[in-house]
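Undergrad: Have a look at this one before I ask anything.
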Amino acid sequence: MAWIKRSLLIVSVLSGVYLTPAWADIVGGRLWHAPDNSRLVFDLSKGVEHKIFSLSSPDRLVIDVENSQMLASMSALPTESGPVRKVRWANRGGNDLRIVLDLRHGVNPKSFHLKPNEQYGHRLVVDLYNREGQSNPATVSSIDGVDTGLNKAEAILLNKPVLDEKSLTRRRDIVIAIDAGHGGEDPGAVGHGRVYEKRVVLAIAKEIEKLLAAERGFKPKLVRTGDYYIGLRERTRIARKASADLFISIHADAFHSPKAKGASVFALSQRGATSEAARWLADKENASDLIGGVGGVSLDDKEDLLAGVLLDLSITASLGVSLDMGQKVLNSMGSVSKLHKRRVEQAGFAVLKSPDIPSLLIETGFLSNPSEARNLASSTYQKRMARSIFNGIKEYFYHAPPPGTYIASVKNRNKGQHLTAASEYVIEPGDTLSVIAQRHATSTTALRKLNGLKSDSLRVGQKLKIPAS
């Protein structure tokens, strides 16, 4: 091998051409701030090898990139806040590039390379996580209560209290986690007229938050409060830490045909998507974790068998609630937008796989459709869409509030609001016999026997007799 290298050197010298490694140009940079971390992204012309290390007194982070040169300006990066005070660089050793981040305080860094996808080319991602004890904005809200070991979905389905009534100083609020999809480095769909999904859905999420905050008995929790990326699993972790009774993830769709239009609502499917379109959409949304990085790990996790079984059991408990509530939200959205499908669809969205929280993914329309893109970019339309989602959520929880909540106490004072008689129930869109049985603390067998039903099929408007408690 040595003689090959010598031969190449001789040829290059004789020809007047010196062989040098191919350069990896840094052609752009972006900096995003989240409540507990910041993400610095460098756009590259090709993949690179790199290493990072920290220095103290003063705090700095050094990024060494092999065979690279800086062709971008970093002067527009938002360094007025966050850990990065200044970005500087210089070539060293002829071929390598050294980038130095002057920091306001020490951080826990993590870096990785991302390969090209539909939106970006090669990227070098540097995540800067705040250290424990550093002053940060509050990222998690909490509610008063006592844990009895019963999850929220089971409490709603089985009509059993999560909280010990004697320990309550007041009736608790119903907590709604509102997740604006995508964000930061992941723009989501970019639709007609360059309308960005991440901006539209954050605006709608904030409107829903305002409506819930103004409604007594509800407490909203925004998962993403600004333009930054959060991993799919982290979104549901934030909702769980806030003790959410419901998790809704707001999105805006896109398709290769501009004719596709309409809003839709999805709940989790344990056995795969219910249609080819739903399956394609689930794959697209799940790819967000690959866009975001997550250390280069895909979503098909290496969970052991026991964890998978426990997850399936808990998801089953929350799925009925998700479908029931999803239909009410979808029906309400139909007053504002054409519906893509009139029933709640099911697909394997990773963001819906919270085992203990009923969860919905709401597609507010198609940004690839010119008319819907103009609507979704309008603040007036965003407010109308937000109110329709809010109305659907409110209708469901006044219909079946979690025990121990303020809304449950209001319903108890106004019994019969949703029943046409003490022992009669009118079928609504999305109702199933099993959900009705669980809601009224009875069994499907008892319902079939009392009503002379030969199957579990129901029709909207049909009246069912409910066994006495």
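We label chains A, B, ... in the order they appear in the structure tokens, count residues from 1 in each chain, and number ligands from 1 in the order shown.
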For Tyr196 of chain A, list every protein, DNA or RNA residue within 12 Å, evaluated using only C-alpha atoms, and leave out those in the same chain fewer than 3 positions away; present the list as a PyMOL selection string.
TA: chain A and resi 181-193+199-203+227+251-254+366-368+373-374+376-377
Undergrad: Within 12 Å of Arg30 of chain A, counting only C-alpha atoms, which residues show up once you throw out same-chain ones fewer than 6 positions away? Write them as a ChimeraX atom specification, please.
TA: /A:38-43,72-79,87,123-127,184-186,227-228
Undergrad: One decimal, in Å: what's the spacing between atom CA of Asp64 of chain A and atom CA of Asn117 of chain A?
TA: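 According to the coordinates, atom CA of Asp64 of chain A and atom CA of Asn117 of chain A are separated by 24.4 Å.
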Undergrad: Can you tell me which residues surround Asp96 of chain A at a distance of at most 8 Å, considering only C-alpha atoms, apart from same-chain residues fewer than 6 positions away, and format the answer as a PyMOL selection string?
TA: chain A and resi 64-69
Undergrad: Write a file of the selected residues as a PDB file, in the first residue's frame, keeping all heavy atoms.
TA:
```pdb
ATOM      1  N   ASP A  64     -14.568  20.365  16.796  1.00  0.00           N
ATOM      2  CA  ASP A  64     -13.556  20.171  15.761  1.00  0.00           C
ATOM      3  C   ASP A  64     -14.148  19.359  14.616  1.00  0.00           C
ATOM      4  O   ASP A  64     -14.652  18.243  14.829  1.00  0.00           O
ATOM      5  CB  ASP A  64     -12.324  19.454  16.328  1.00  0.00           C
ATOM      6  CG  ASP A  64     -11.453  20.381  17.162  1.00  0.00           C
ATOM      7  OD1 ASP A  64     -11.535  21.605  16.942  1.00  0.00           O
ATOM      8  OD2 ASP A  64     -10.705  19.889  18.019  1.00  0.00           O
ATOM      9  N   VAL A  65     -14.093  19.919  13.409  1.00  0.00           N
ATOM     10  CA  VAL A  65     -14.676  19.277  12.230  1.00  0.00           C
ATOM     11  C   VAL A  65     -13.559  19.011  11.219  1.00  0.00           C
ATOM     12  O   VAL A  65     -12.840  19.932  10.825  1.00  0.00           O
ATOM     13  CB  VAL A  65     -15.772  20.161  11.592  1.00  0.00           C
ATOM     14  CG1 VAL A  65     -16.475  19.398  10.480  1.00  0.00           C
ATOM     15  CG2 VAL A  65     -16.759  20.634  12.637  1.00  0.00           C
ATOM     16  N   GLU A  66     -13.432  17.747  10.807  1.00  0.00           N
ATOM     17  CA  GLU A  66     -12.360  17.372   9.883  1.00  0.00           C
ATOM     18  C   GLU A  66     -12.655  17.854   8.468  1.00  0.00           C
ATOM     19  O   GLU A  66     -13.799  17.811   8.012  1.00  0.00           O
ATOM     20  CB  GLU A  66     -12.172  15.855   9.884  1.00  0.00           C
ATOM     21  CG  GLU A  66     -11.654  15.289  11.189  1.00  0.00           C
ATOM     22  CD  GLU A  66     -11.386  13.799  11.096  1.00  0.00           C
ATOM     23  OE1 GLU A  66     -11.522  13.246   9.987  1.00  0.00           O
ATOM     24  OE2 GLU A  66     -11.061  13.197  12.135  1.00  0.00           O
ATOM     25  N   ASN A  67     -11.586  18.280   7.772  1.00  0.00           N
ATOM     26  CA  ASN A  67     -11.658  18.637   6.350  1.00  0.00           C
ATOM     27  C   ASN A  67     -12.857  19.527   6.044  1.00  0.00           C
ATOM     28  O   ASN A  67     -13.701  19.212   5.201  1.00  0.00           O
ATOM     29  CB  ASN A  67     -11.722  17.372   5.481  1.00  0.00           C
ATOM     30  CG  ASN A  67     -10.525  16.473   5.699  1.00  0.00           C
ATOM     31  OD1 ASN A  67      -9.396  16.948   5.856  1.00  0.00           O
ATOM     32  ND2 ASN A  67     -10.754  15.172   5.744  1.00  0.00           N
ATOM     33  N   SER A  68     -12.925  20.650   6.743  1.00  0.00           N
ATOM     34  CA  SER A  68     -14.094  21.507   6.604  1.00  0.00           C
ATOM     35  C   SER A  68     -13.690  22.968   6.575  1.00  0.00           C
ATOM     36  O   SER A  68     -12.601  23.340   7.024  1.00  0.00           O
ATOM     37  CB  SER A  68     -15.058  21.246   7.769  1.00  0.00           C
ATOM     38  OG  SER A  68     -16.224  21.999   7.634  1.00  0.00           O
ATOM     39  N   GLN A  69     -14.578  23.783   6.025  1.00  0.00           N
ATOM     40  CA  GLN A  69     -14.370  25.223   6.029  1.00  0.00           C
ATOM     41  C   GLN A  69     -15.711  25.918   6.217  1.00  0.00           C
ATOM     42  O   GLN A  69     -16.755  25.409   5.809  1.00  0.00           O
ATOM     43  CB  GLN A  69     -13.704  25.694   4.739  1.00  0.00           C
ATOM     44  CG  GLN A  69     -14.460  25.326   3.471  1.00  0.00           C
ATOM     45  CD  GLN A  69     -13.705  25.713   2.220  1.00  0.00           C
ATOM     46  OE1 GLN A  69     -12.745  26.492   2.270  1.00  0.00           O
ATOM     47  NE2 GLN A  69     -14.112  25.169   1.082  1.00  0.00           N
TER      48      GLN A  69
END
```
Undergrad: Give me, please, the distance in Å between atom CA of Lys115 of chain A and atom CA of Glu49 of chain A, quoted to one decimal.
TA: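 These two atoms are separated by 12.7 Å.
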